[in-house]
$ cat coords_30.txt   # compact mmCIF, N, CA and C atoms
# COMPACT_ATOMS: atom_id res chain seq x y z
N MET A 138 -56.69 -59.25 -4.45
CA MET A 138 -55.27 -59.28 -4.18
C MET A 138 -54.97 -58.46 -2.93
N LYS A 139 -55.73 -57.41 -2.71
CA LYS A 139 -55.52 -56.57 -1.54
C LYS A 139 -55.70 -57.38 -0.26
N PHE A 140 -56.73 -58.22 -0.21
CA PHE A 140 -56.98 -59.04 0.97
C PHE A 140 -55.89 -60.10 1.14
N LYS A 141 -55.44 -60.67 0.03
CA LYS A 141 -54.38 -61.68 0.12
C LYS A 141 -53.08 -61.07 0.64
N LYS A 142 -52.79 -59.86 0.24
CA LYS A 142 -51.58 -59.20 0.70
C LYS A 142 -51.67 -58.83 2.18
N ALA A 143 -52.87 -58.49 2.64
CA ALA A 143 -53.06 -58.11 4.04
C ALA A 143 -53.10 -59.32 4.97
N TYR A 144 -53.51 -60.45 4.46
CA TYR A 144 -53.75 -61.65 5.27
C TYR A 144 -52.58 -62.03 6.19
N PRO A 145 -51.34 -62.10 5.70
CA PRO A 145 -50.23 -62.52 6.58
C PRO A 145 -49.98 -61.56 7.75
N LYS A 146 -50.40 -60.32 7.61
CA LYS A 146 -50.14 -59.31 8.64
C LYS A 146 -51.17 -59.33 9.77
N ILE A 147 -52.27 -60.03 9.56
CA ILE A 147 -53.35 -60.03 10.55
C ILE A 147 -52.99 -60.97 11.69
N LYS A 148 -53.05 -60.46 12.89
CA LYS A 148 -52.68 -61.24 14.08
C LYS A 148 -53.90 -61.80 14.80
N ASP A 149 -55.00 -61.07 14.78
CA ASP A 149 -56.21 -61.51 15.49
C ASP A 149 -56.77 -62.75 14.80
N PRO A 150 -56.89 -63.89 15.52
CA PRO A 150 -57.33 -65.13 14.88
C PRO A 150 -58.76 -65.09 14.33
N ILE A 151 -59.63 -64.36 14.99
CA ILE A 151 -61.01 -64.26 14.50
C ILE A 151 -61.05 -63.47 13.20
N LEU A 152 -60.37 -62.33 13.19
CA LEU A 152 -60.32 -61.52 11.97
C LEU A 152 -59.61 -62.28 10.85
N LYS A 153 -58.56 -63.02 11.19
CA LYS A 153 -57.84 -63.80 10.19
C LYS A 153 -58.77 -64.85 9.57
N THR A 154 -59.61 -65.47 10.39
CA THR A 154 -60.59 -66.45 9.89
C THR A 154 -61.58 -65.78 8.95
N ILE A 155 -62.05 -64.61 9.32
CA ILE A 155 -63.01 -63.88 8.46
C ILE A 155 -62.34 -63.52 7.13
N TYR A 156 -61.10 -63.06 7.20
CA TYR A 156 -60.36 -62.75 5.97
C TYR A 156 -60.23 -63.98 5.09
N ARG A 157 -59.85 -65.10 5.70
CA ARG A 157 -59.67 -66.35 4.94
C ARG A 157 -60.97 -66.76 4.26
N GLN A 158 -62.08 -66.67 5.00
CA GLN A 158 -63.39 -67.02 4.44
C GLN A 158 -63.75 -66.08 3.28
N THR A 159 -63.45 -64.82 3.46
CA THR A 159 -63.74 -63.85 2.40
C THR A 159 -62.89 -64.13 1.17
N ILE A 160 -61.60 -64.39 1.36
CA ILE A 160 -60.71 -64.70 0.24
C ILE A 160 -61.19 -65.96 -0.48
N ASP A 161 -61.53 -66.99 0.29
CA ASP A 161 -62.02 -68.23 -0.32
C ASP A 161 -63.31 -68.00 -1.11
N SER A 162 -64.20 -67.22 -0.53
CA SER A 162 -65.47 -66.93 -1.20
C SER A 162 -65.25 -66.15 -2.50
N LEU A 163 -64.41 -65.13 -2.44
CA LEU A 163 -64.14 -64.33 -3.64
C LEU A 163 -63.39 -65.15 -4.69
N THR A 164 -62.50 -66.02 -4.25
CA THR A 164 -61.80 -66.90 -5.19
C THR A 164 -62.80 -67.79 -5.93
N GLN A 165 -63.73 -68.36 -5.19
CA GLN A 165 -64.75 -69.19 -5.82
C GLN A 165 -65.61 -68.37 -6.78
N ASN A 166 -65.96 -67.15 -6.39
CA ASN A 166 -66.75 -66.27 -7.26
C ASN A 166 -66.03 -66.03 -8.59
N ILE A 167 -64.73 -65.73 -8.51
CA ILE A 167 -63.96 -65.48 -9.72
C ILE A 167 -63.91 -66.74 -10.59
N MET A 168 -63.67 -67.89 -9.95
CA MET A 168 -63.61 -69.15 -10.71
C MET A 168 -64.95 -69.46 -11.37
N ASP A 169 -66.05 -69.17 -10.68
CA ASP A 169 -67.38 -69.37 -11.26
C ASP A 169 -67.56 -68.52 -12.51
N LEU A 170 -67.13 -67.27 -12.44
CA LEU A 170 -67.31 -66.36 -13.58
C LEU A 170 -66.38 -66.69 -14.74
N LEU A 171 -65.17 -67.14 -14.44
CA LEU A 171 -64.23 -67.46 -15.51
C LEU A 171 -64.75 -68.57 -16.42
N LYS A 172 -65.63 -69.41 -15.93
CA LYS A 172 -66.20 -70.49 -16.74
C LYS A 172 -67.00 -69.94 -17.92
N PHE A 173 -67.50 -68.73 -17.79
CA PHE A 173 -68.32 -68.13 -18.84
C PHE A 173 -67.49 -67.47 -19.93
N TYR A 174 -66.23 -67.19 -19.63
CA TYR A 174 -65.40 -66.47 -20.58
C TYR A 174 -65.30 -67.14 -21.95
N PRO A 175 -65.11 -68.47 -22.03
CA PRO A 175 -65.03 -69.09 -23.36
C PRO A 175 -66.29 -68.92 -24.20
N LEU A 176 -67.39 -68.56 -23.58
CA LEU A 176 -68.65 -68.40 -24.31
C LEU A 176 -68.82 -67.00 -24.90
N THR A 177 -67.89 -66.10 -24.63
CA THR A 177 -68.04 -64.73 -25.10
C THR A 177 -67.60 -64.60 -26.55
N PRO A 178 -68.17 -63.61 -27.26
CA PRO A 178 -67.78 -63.41 -28.66
C PRO A 178 -66.34 -62.92 -28.77
N ARG A 179 -65.67 -63.28 -29.85
CA ARG A 179 -64.28 -62.90 -30.08
C ARG A 179 -64.20 -61.91 -31.23
N THR A 180 -63.62 -60.74 -30.95
CA THR A 180 -63.50 -59.73 -32.00
C THR A 180 -62.08 -59.22 -32.17
N GLY A 181 -61.15 -59.69 -31.37
CA GLY A 181 -59.78 -59.19 -31.48
C GLY A 181 -58.94 -59.77 -30.37
N ARG A 182 -57.75 -59.18 -30.19
CA ARG A 182 -56.90 -59.65 -29.11
C ARG A 182 -56.35 -58.46 -28.36
N ASP A 183 -55.98 -58.67 -27.13
CA ASP A 183 -55.47 -57.60 -26.27
C ASP A 183 -53.96 -57.68 -26.18
N ASP A 184 -53.26 -56.70 -26.71
CA ASP A 184 -51.82 -56.68 -26.58
C ASP A 184 -51.36 -55.38 -25.92
N ALA A 185 -52.30 -54.68 -25.28
CA ALA A 185 -51.98 -53.41 -24.63
C ALA A 185 -51.32 -53.64 -23.28
N SER A 186 -50.35 -52.81 -22.98
CA SER A 186 -49.68 -52.88 -21.69
C SER A 186 -49.66 -51.48 -21.11
N ALA A 187 -50.72 -51.13 -20.38
CA ALA A 187 -50.84 -49.77 -19.84
C ALA A 187 -51.34 -49.82 -18.41
N ALA A 188 -50.66 -50.56 -17.56
CA ALA A 188 -51.12 -50.76 -16.19
C ALA A 188 -51.22 -49.45 -15.41
N ALA A 189 -50.27 -48.58 -15.55
CA ALA A 189 -50.29 -47.34 -14.79
C ALA A 189 -51.47 -46.47 -15.20
N ALA A 190 -51.72 -46.36 -16.49
CA ALA A 190 -52.83 -45.56 -16.97
C ALA A 190 -54.17 -46.17 -16.57
N ARG A 191 -54.25 -47.50 -16.63
CA ARG A 191 -55.50 -48.16 -16.21
C ARG A 191 -55.73 -47.98 -14.72
N GLU A 192 -54.65 -48.00 -13.95
CA GLU A 192 -54.77 -47.79 -12.50
C GLU A 192 -55.32 -46.39 -12.22
N LEU A 193 -54.86 -45.42 -12.98
CA LEU A 193 -55.37 -44.06 -12.85
C LEU A 193 -56.85 -43.99 -13.23
N LEU A 194 -57.24 -44.70 -14.26
CA LEU A 194 -58.65 -44.74 -14.66
C LEU A 194 -59.50 -45.34 -13.54
N ILE A 195 -59.03 -46.44 -12.95
CA ILE A 195 -59.76 -47.06 -11.85
C ILE A 195 -59.86 -46.11 -10.67
N PHE A 196 -58.77 -45.40 -10.39
CA PHE A 196 -58.78 -44.42 -9.31
C PHE A 196 -59.82 -43.33 -9.58
N ALA A 197 -59.86 -42.83 -10.80
CA ALA A 197 -60.82 -41.77 -11.14
C ALA A 197 -62.25 -42.27 -10.96
N LYS A 198 -62.53 -43.49 -11.40
CA LYS A 198 -63.87 -44.05 -11.24
C LYS A 198 -64.23 -44.18 -9.78
N SER A 199 -63.29 -44.66 -8.97
CA SER A 199 -63.54 -44.80 -7.53
C SER A 199 -63.77 -43.45 -6.88
N SER A 200 -62.98 -42.46 -7.29
CA SER A 200 -63.15 -41.12 -6.75
C SER A 200 -64.54 -40.57 -7.06
N ILE A 201 -64.98 -40.77 -8.27
CA ILE A 201 -66.31 -40.29 -8.66
C ILE A 201 -67.38 -40.93 -7.78
N LYS A 202 -67.30 -42.24 -7.61
CA LYS A 202 -68.27 -42.93 -6.75
C LYS A 202 -68.20 -42.43 -5.32
N ASN A 203 -66.99 -42.31 -4.80
CA ASN A 203 -66.82 -41.89 -3.40
C ASN A 203 -67.31 -40.47 -3.17
N TYR A 204 -67.00 -39.56 -4.07
CA TYR A 204 -67.49 -38.19 -3.91
C TYR A 204 -69.01 -38.13 -4.02
N ALA A 205 -69.59 -38.90 -4.91
CA ALA A 205 -71.05 -38.91 -5.04
C ALA A 205 -71.71 -39.37 -3.74
N VAL A 206 -71.18 -40.42 -3.15
CA VAL A 206 -71.72 -40.91 -1.87
C VAL A 206 -71.49 -39.88 -0.78
N THR A 207 -70.29 -39.29 -0.73
CA THR A 207 -69.97 -38.31 0.29
C THR A 207 -70.90 -37.11 0.23
N ILE A 208 -71.22 -36.67 -0.97
CA ILE A 208 -72.13 -35.54 -1.13
C ILE A 208 -73.48 -35.85 -0.51
N THR A 209 -73.96 -37.08 -0.69
CA THR A 209 -75.28 -37.43 -0.12
C THR A 209 -75.23 -37.57 1.39
N GLU A 210 -74.05 -37.72 1.97
CA GLU A 210 -73.90 -37.89 3.42
C GLU A 210 -73.54 -36.59 4.13
N THR A 211 -73.30 -35.54 3.38
CA THR A 211 -72.84 -34.27 3.96
C THR A 211 -74.01 -33.35 4.23
N ALA A 212 -74.09 -32.87 5.46
CA ALA A 212 -75.19 -31.98 5.85
C ALA A 212 -74.82 -30.50 5.73
N THR A 213 -73.55 -30.19 5.61
CA THR A 213 -73.09 -28.81 5.56
C THR A 213 -73.04 -28.31 4.12
N PRO A 214 -73.84 -27.30 3.78
CA PRO A 214 -73.87 -26.81 2.39
C PRO A 214 -72.50 -26.38 1.85
N SER A 215 -71.70 -25.70 2.66
CA SER A 215 -70.40 -25.25 2.15
C SER A 215 -69.47 -26.43 1.89
N LEU A 216 -69.53 -27.45 2.73
CA LEU A 216 -68.73 -28.65 2.50
C LEU A 216 -69.23 -29.42 1.28
N ARG A 217 -70.55 -29.47 1.11
CA ARG A 217 -71.12 -30.13 -0.06
C ARG A 217 -70.64 -29.46 -1.34
N LYS A 218 -70.54 -28.13 -1.30
CA LYS A 218 -70.06 -27.38 -2.47
C LYS A 218 -68.62 -27.77 -2.79
N VAL A 219 -67.78 -27.92 -1.77
CA VAL A 219 -66.38 -28.34 -1.98
C VAL A 219 -66.34 -29.74 -2.58
N PHE A 220 -67.16 -30.65 -2.05
CA PHE A 220 -67.17 -32.01 -2.58
C PHE A 220 -67.67 -32.05 -4.02
N ARG A 221 -68.63 -31.19 -4.38
CA ARG A 221 -69.07 -31.13 -5.78
C ARG A 221 -67.93 -30.67 -6.68
N LYS A 222 -67.15 -29.71 -6.20
CA LYS A 222 -65.98 -29.26 -6.96
C LYS A 222 -65.00 -30.43 -7.14
N HIS A 223 -64.77 -31.17 -6.08
CA HIS A 223 -63.88 -32.33 -6.17
C HIS A 223 -64.44 -33.40 -7.11
N LEU A 224 -65.75 -33.61 -7.05
CA LEU A 224 -66.40 -34.57 -7.95
C LEU A 224 -66.20 -34.16 -9.40
N ASN A 225 -66.39 -32.90 -9.69
CA ASN A 225 -66.19 -32.44 -11.07
C ASN A 225 -64.74 -32.61 -11.51
N GLY A 226 -63.81 -32.39 -10.59
CA GLY A 226 -62.40 -32.63 -10.91
C GLY A 226 -62.14 -34.09 -11.20
N ALA A 227 -62.74 -34.99 -10.43
CA ALA A 227 -62.58 -36.43 -10.66
C ALA A 227 -63.18 -36.83 -12.01
N ILE A 228 -64.31 -36.23 -12.36
CA ILE A 228 -64.93 -36.50 -13.67
C ILE A 228 -64.01 -36.03 -14.79
N ASP A 229 -63.41 -34.86 -14.62
CA ASP A 229 -62.47 -34.35 -15.63
C ASP A 229 -61.24 -35.26 -15.75
N THR A 230 -60.73 -35.73 -14.62
CA THR A 230 -59.59 -36.64 -14.64
C THR A 230 -59.95 -37.93 -15.37
N HIS A 231 -61.14 -38.44 -15.09
CA HIS A 231 -61.60 -39.66 -15.77
C HIS A 231 -61.63 -39.45 -17.28
N ALA A 232 -62.18 -38.33 -17.71
CA ALA A 232 -62.27 -38.06 -19.15
C ALA A 232 -60.88 -37.98 -19.78
N LYS A 233 -59.96 -37.31 -19.11
CA LYS A 233 -58.60 -37.18 -19.65
C LYS A 233 -57.92 -38.54 -19.79
N ILE A 234 -57.97 -39.33 -18.75
CA ILE A 234 -57.26 -40.61 -18.79
C ILE A 234 -57.96 -41.59 -19.73
N PHE A 235 -59.30 -41.54 -19.77
CA PHE A 235 -60.02 -42.39 -20.72
C PHE A 235 -59.60 -42.07 -22.15
N HIS A 236 -59.58 -40.78 -22.50
CA HIS A 236 -59.21 -40.40 -23.87
C HIS A 236 -57.75 -40.73 -24.16
N TYR A 237 -56.89 -40.57 -23.17
CA TYR A 237 -55.49 -40.96 -23.33
C TYR A 237 -55.40 -42.44 -23.71
N LEU A 238 -56.07 -43.28 -22.95
CA LEU A 238 -56.04 -44.72 -23.21
C LEU A 238 -56.71 -45.07 -24.54
N TYR A 239 -57.86 -44.51 -24.78
CA TYR A 239 -58.63 -44.84 -25.98
C TYR A 239 -57.90 -44.41 -27.26
N GLU A 240 -57.36 -43.21 -27.24
CA GLU A 240 -56.66 -42.70 -28.44
C GLU A 240 -55.41 -43.51 -28.77
N ARG A 241 -54.83 -44.15 -27.78
CA ARG A 241 -53.63 -44.96 -28.01
C ARG A 241 -53.95 -46.44 -28.16
N ASN A 242 -55.24 -46.72 -28.26
CA ASN A 242 -55.70 -48.10 -28.43
C ASN A 242 -55.32 -48.98 -27.23
N LEU A 243 -55.27 -48.36 -26.03
CA LEU A 243 -54.91 -49.08 -24.82
C LEU A 243 -56.12 -49.44 -23.97
N TYR A 244 -57.26 -48.87 -24.31
CA TYR A 244 -58.49 -49.18 -23.59
C TYR A 244 -59.57 -49.46 -24.62
N PRO A 245 -59.86 -50.72 -24.82
CA PRO A 245 -60.79 -51.11 -25.89
C PRO A 245 -62.25 -50.91 -25.46
N ALA A 246 -62.65 -49.65 -25.31
CA ALA A 246 -63.97 -49.34 -24.76
C ALA A 246 -65.11 -49.97 -25.54
N TYR A 247 -64.90 -50.25 -26.80
CA TYR A 247 -65.98 -50.80 -27.62
C TYR A 247 -65.67 -52.19 -28.14
N ASP A 248 -64.67 -52.84 -27.52
CA ASP A 248 -64.28 -54.18 -27.94
C ASP A 248 -64.50 -55.14 -26.78
N LEU A 249 -65.62 -55.82 -26.78
CA LEU A 249 -66.00 -56.70 -25.68
C LEU A 249 -64.94 -57.76 -25.42
N TYR A 250 -64.38 -58.35 -26.45
CA TYR A 250 -63.37 -59.39 -26.25
C TYR A 250 -62.18 -58.86 -25.47
N GLN A 251 -61.67 -57.71 -25.86
CA GLN A 251 -60.51 -57.16 -25.17
C GLN A 251 -60.83 -56.81 -23.72
N LEU A 252 -62.01 -56.24 -23.49
CA LEU A 252 -62.40 -55.91 -22.12
C LEU A 252 -62.48 -57.17 -21.27
N LEU A 253 -63.10 -58.21 -21.81
CA LEU A 253 -63.23 -59.45 -21.06
C LEU A 253 -61.87 -60.13 -20.87
N GLN A 254 -61.02 -60.07 -21.88
CA GLN A 254 -59.69 -60.66 -21.74
C GLN A 254 -58.91 -59.97 -20.64
N ASN A 255 -59.03 -58.66 -20.56
CA ASN A 255 -58.37 -57.92 -19.49
C ASN A 255 -58.89 -58.41 -18.13
N ASP A 256 -60.20 -58.58 -18.01
CA ASP A 256 -60.79 -59.07 -16.77
C ASP A 256 -60.28 -60.47 -16.43
N VAL A 257 -60.18 -61.33 -17.43
CA VAL A 257 -59.69 -62.69 -17.21
C VAL A 257 -58.23 -62.64 -16.76
N ASP A 258 -57.42 -61.82 -17.39
CA ASP A 258 -56.01 -61.71 -17.01
C ASP A 258 -55.86 -61.26 -15.56
N VAL A 259 -56.61 -60.23 -15.18
CA VAL A 259 -56.56 -59.74 -13.80
C VAL A 259 -57.08 -60.80 -12.84
N SER A 260 -58.15 -61.48 -13.22
CA SER A 260 -58.71 -62.55 -12.37
C SER A 260 -57.71 -63.67 -12.15
N ASN A 261 -57.07 -64.11 -13.21
CA ASN A 261 -56.06 -65.17 -13.08
C ASN A 261 -54.87 -64.72 -12.25
N GLN A 262 -54.48 -63.48 -12.40
CA GLN A 262 -53.39 -62.95 -11.59
C GLN A 262 -53.79 -62.95 -10.12
N THR A 263 -55.01 -62.54 -9.84
CA THR A 263 -55.51 -62.53 -8.46
C THR A 263 -55.57 -63.94 -7.88
N LEU A 264 -56.07 -64.88 -8.67
CA LEU A 264 -56.17 -66.26 -8.19
C LEU A 264 -54.79 -66.85 -7.91
N SER A 265 -53.78 -66.47 -8.66
CA SER A 265 -52.46 -67.04 -8.48
C SER A 265 -51.65 -66.36 -7.38
N GLN A 266 -52.16 -65.24 -6.87
CA GLN A 266 -51.46 -64.50 -5.81
C GLN A 266 -51.45 -65.32 -4.53
N PRO A 267 -50.27 -65.63 -4.00
CA PRO A 267 -50.22 -66.39 -2.74
C PRO A 267 -50.62 -65.51 -1.55
N PHE A 268 -51.00 -66.19 -0.48
CA PHE A 268 -51.26 -65.45 0.77
C PHE A 268 -50.99 -66.31 1.96

$ encode --input "coords_30.txt" --output "structure tokens"
Amino acid sequence: MKFKKAYPKIKDPILKTIYRQTIDSLTQNIMDLLKFYPLTPRTGRDDASAAAARELLIFAKSSIKNYAVTITETATPSLRKVFRKHLNGAIDTHAKIFHYLYERNLYPAYDLYQLLQNDVDVSNQTLSQPF
């Protein structure tokens, strides 16, 4: 969806072509994967509506990955120490938001059907996003 939203703003025709090809390729990838969804086991249904909390969880996960990579790219020991502190903070944030979601039955960490349904919903939303 991020690429689709950026697409209309791109003025350079070469970059716009690359964006279009990327969007088309990712759209096809999503459609290919959605074909497998009916084959997954069913154990429940997803009626949770916690977009803001899930967004925070995604942010925490991204932060953890980014800090881990940054630490491996940093040559300065004192800066590496700061990034490790930030990484630990991101891990703590992830734990807090995960438990918030899980305790309220908003993140079905152990329910494959609900996890996959969430992915399908987001995928369909992305596919339907105009650009």

$ closest_residue --input "coords_30.txt" --among "A:Phe140, A:Tyr204, A:Tyr250, A:Tyr244" --to "A:Phe220" --atoms "only N, CA and C atoms"
A:Tyr204

$ atom_distance --input "coords_30.txt" --atom1 "atom CA of A:Ile160" --atom2 "atom N of A:Tyr144"
9.4 Å

$ atom_distance --input "coords_30.txt" --atom1 "atom C of A:Ser199" --atom2 "atom CA of A:Ala227"
8.1 Å

$ atom_distance --input "coords_30.txt" --atom1 "atom CA of A:Glu192" --atom2 "atom CA of A:Leu170"
22.4 Å

$ closest_residue --input "coords_30.txt" --among "A:Ala188, A:Thr213, A:Leu224, A:Leu238" --to "A:Ile201" --atoms "all atoms listed in the file"
A:Leu224

$ residues_around --input "coords_30.txt" --residues "A:Phe268" --least-positions-apart "3" --cutoff "10 Å" --atoms "only C-alpha atoms" --output "tab-separated table (two decimals) with N, CA and C atoms, in the frame of the given file"
chain	number	residue	atom	x	y	z
A	138	MET	N	-56.69	-59.25	-4.45
A	138	MET	CA	-55.27	-59.28	-4.18
A	138	MET	C	-54.97	-58.46	-2.93
A	140	PHE	N	-56.73	-58.22	-0.21
A	140	PHE	CA	-56.98	-59.04	0.97
A	140	PHE	C	-55.89	-60.10	1.14
A	141	LYS	N	-55.44	-60.67	0.03
A	141	LYS	CA	-54.38	-61.68	0.12
A	141	LYS	C	-53.08	-61.07	0.64
A	142	LYS	N	-52.79	-59.86	0.24
A	142	LYS	CA	-51.58	-59.20	0.70
A	142	LYS	C	-51.67	-58.83	2.18
A	143	ALA	N	-52.87	-58.49	2.64
A	143	ALA	CA	-53.06	-58.11	4.04
A	143	ALA	C	-53.10	-59.32	4.97
A	144	TYR	N	-53.51	-60.45	4.46
A	144	TYR	CA	-53.75	-61.65	5.27
A	144	TYR	C	-52.58	-62.03	6.19
A	145	PRO	N	-51.34	-62.10	5.70
A	145	PRO	CA	-50.23	-62.52	6.58
A	145	PRO	C	-49.98	-61.56	7.75
A	157	ARG	N	-59.85	-65.10	5.70
A	157	ARG	CA	-59.67	-66.35	4.94
A	157	ARG	C	-60.97	-66.76	4.26
A	160	ILE	N	-61.60	-64.39	1.36
A	160	ILE	CA	-60.71	-64.70	0.24
A	160	ILE	C	-61.19	-65.96	-0.48
A	265	SER	N	-53.78	-66.47	-8.66
A	265	SER	CA	-52.46	-67.04	-8.48
A	265	SER	C	-51.65	-66.36	-7.38

$ residues_around --input "coords_30.txt" --residues "A:Met168" --least-positions-apart "4" --cutoff "10 Å" --atoms "only C-alpha atoms" --output "short mmCIF file (atom, residue, chain, number, x, y, z; two decimals) with N, CA and C atoms, in the frame of the given file"
data_model
loop_
_atom_site.label_atom_id
_atom_site.label_comp_id
_atom_site.auth_asym_id
_atom_site.auth_seq_id
_atom_site.Cartn_x
_atom_site.Cartn_y
_atom_site.Cartn_z
N SER A 162 -64.20 -67.22 -0.53
CA SER A 162 -65.47 -66.93 -1.20
C SER A 162 -65.25 -66.15 -2.50
N LEU A 163 -64.41 -65.13 -2.44
CA LEU A 163 -64.14 -64.33 -3.64
C LEU A 163 -63.39 -65.15 -4.69
N THR A 164 -62.50 -66.02 -4.25
CA THR A 164 -61.80 -66.90 -5.19
C THR A 164 -62.80 -67.79 -5.93
N LYS A 172 -65.63 -69.41 -15.93
CA LYS A 172 -66.20 -70.49 -16.74
C LYS A 172 -67.00 -69.94 -17.92
N PHE A 173 -67.50 -68.73 -17.79
CA PHE A 173 -68.32 -68.13 -18.84
C PHE A 173 -67.49 -67.47 -19.93
N VAL A 257 -60.18 -61.33 -17.43
CA VAL A 257 -59.69 -62.69 -17.21
C VAL A 257 -58.23 -62.64 -16.76
N SER A 260 -58.15 -61.48 -13.22
CA SER A 260 -58.71 -62.55 -12.37
C SER A 260 -57.71 -63.67 -12.15
N ASN A 261 -57.07 -64.11 -13.21
CA ASN A 261 -56.06 -65.17 -13.08
C ASN A 261 -54.87 -64.72 -12.25
N LEU A 264 -56.07 -64.88 -8.67
CA LEU A 264 -56.17 -66.26 -8.19
C LEU A 264 -54.79 -66.85 -7.91
#

$ select_by_dssp --input "coords_30.txt" --residues "chain A" --states "alpha helix (DSSP H)" --output "VMD selection string"
chain A and resid 139 to 143 150 to 171 188 to 210 214 to 240 249 to 265

$ residues_around --input "coords_30.txt" --residues "stretch 205-207 of chain A" --least-positions-apart "5" --cutoff "12 Å" --atoms "only C-alpha atoms" --output "PDB file with N, CA and C atoms, in the coordinates of the input"
ATOM      1  N   LYS A 198     -62.530 -43.490 -11.400  1.00  0.00           N
ATOM      2  CA  LYS A 198     -63.870 -44.050 -11.240  1.00  0.00           C
ATOM      3  C   LYS A 198     -64.230 -44.180  -9.780  1.00  0.00           C
ATOM      4  N   SER A 199     -63.290 -44.660  -8.970  1.00  0.00           N
ATOM      5  CA  SER A 199     -63.540 -44.800  -7.530  1.00  0.00           C
ATOM      6  C   SER A 199     -63.770 -43.450  -6.880  1.00  0.00           C
ATOM      7  N   SER A 200     -62.980 -42.460  -7.290  1.00  0.00           N
ATOM      8  CA  SER A 200     -63.150 -41.120  -6.750  1.00  0.00           C
ATOM      9  C   SER A 200     -64.540 -40.570  -7.060  1.00  0.00           C
ATOM     10  N   ALA A 212     -74.090 -32.870   5.460  1.00  0.00           N
ATOM     11  CA  ALA A 212     -75.190 -31.980   5.850  1.00  0.00           C
ATOM     12  C   ALA A 212     -74.820 -30.500   5.730  1.00  0.00           C
ATOM     13  N   THR A 213     -73.550 -30.190   5.610  1.00  0.00           N
ATOM     14  CA  THR A 213     -73.090 -28.810   5.560  1.00  0.00           C
ATOM     15  C   THR A 213     -73.040 -28.310   4.120  1.00  0.00           C
ATOM     16  N   LEU A 216     -69.530 -27.450   2.730  1.00  0.00           N
ATOM     17  CA  LEU A 216     -68.730 -28.650   2.500  1.00  0.00           C
ATOM     18  C   LEU A 216     -69.230 -29.420   1.280  1.00  0.00           C
ATOM     19  N   ARG A 217     -70.550 -29.470   1.110  1.00  0.00           N
ATOM     20  CA  ARG A 217     -71.120 -30.130  -0.060  1.00  0.00           C
ATOM     21  C   ARG A 217     -70.640 -29.460  -1.340  1.00  0.00           C
ATOM     22  N   LYS A 218     -70.540 -28.130  -1.300  1.00  0.00           N
ATOM     23  CA  LYS A 218     -70.060 -27.380  -2.470  1.00  0.00           C
ATOM     24  C   LYS A 218     -68.620 -27.770  -2.790  1.00  0.00           C
ATOM     25  N   VAL A 219     -67.780 -27.920  -1.770  1.00  0.00           N
ATOM     26  CA  VAL A 219     -66.380 -28.340  -1.980  1.00  0.00           C
ATOM     27  C   VAL A 219     -66.340 -29.740  -2.580  1.00  0.00           C
ATOM     28  N   PHE A 220     -67.160 -30.650  -2.050  1.00  0.00           N
ATOM     29  CA  PHE A 220     -67.170 -32.010  -2.580  1.00  0.00           C
ATOM     30  C   PHE A 220     -67.670 -32.050  -4.020  1.00  0.00           C
ATOM     31  N   ARG A 221     -68.630 -31.190  -4.380  1.00  0.00           N
ATOM     32  CA  ARG A 221     -69.070 -31.130  -5.780  1.00  0.00           C
ATOM     33  C   ARG A 221     -67.930 -30.670  -6.680  1.00  0.00           C
ATOM     34  N   LYS A 222     -67.150 -29.710  -6.200  1.00  0.00           N
ATOM     35  CA  LYS A 222     -65.980 -29.260  -6.960  1.00  0.00           C
ATOM     36  C   LYS A 222     -65.000 -30.430  -7.140  1.00  0.00           C
ATOM     37  N   HIS A 223     -64.770 -31.170  -6.080  1.00  0.00           N
ATOM     38  CA  HIS A 223     -63.880 -32.330  -6.170  1.00  0.00           C
ATOM     39  C   HIS A 223     -64.440 -33.400  -7.110  1.00  0.00           C
ATOM     40  N   LEU A 224     -65.750 -33.610  -7.050  1.00  0.00           N
ATOM     41  CA  LEU A 224     -66.400 -34.570  -7.950  1.00  0.00           C
ATOM     42  C   LEU A 224     -66.200 -34.160  -9.400  1.00  0.00           C
ATOM     43  N   ASN A 225     -66.390 -32.900  -9.690  1.00  0.00           N
ATOM     44  CA  ASN A 225     -66.190 -32.440 -11.070  1.00  0.00           C
ATOM     45  C   ASN A 225     -64.740 -32.610 -11.510  1.00  0.00           C
ATOM     46  N   ALA A 227     -62.740 -34.990 -10.430  1.00  0.00           N
ATOM     47  CA  ALA A 227     -62.580 -36.430 -10.660  1.00  0.00           C
ATOM     48  C   ALA A 227     -63.180 -36.830 -12.010  1.00  0.00           C
ATOM     49  N   ILE A 228     -64.310 -36.230 -12.360  1.00  0.00           N
ATOM     50  CA  ILE A 228     -64.930 -36.500 -13.670  1.00  0.00           C
ATOM     51  C   ILE A 228     -64.010 -36.030 -14.790  1.00  0.00           C
TER      52      ILE A 228
END
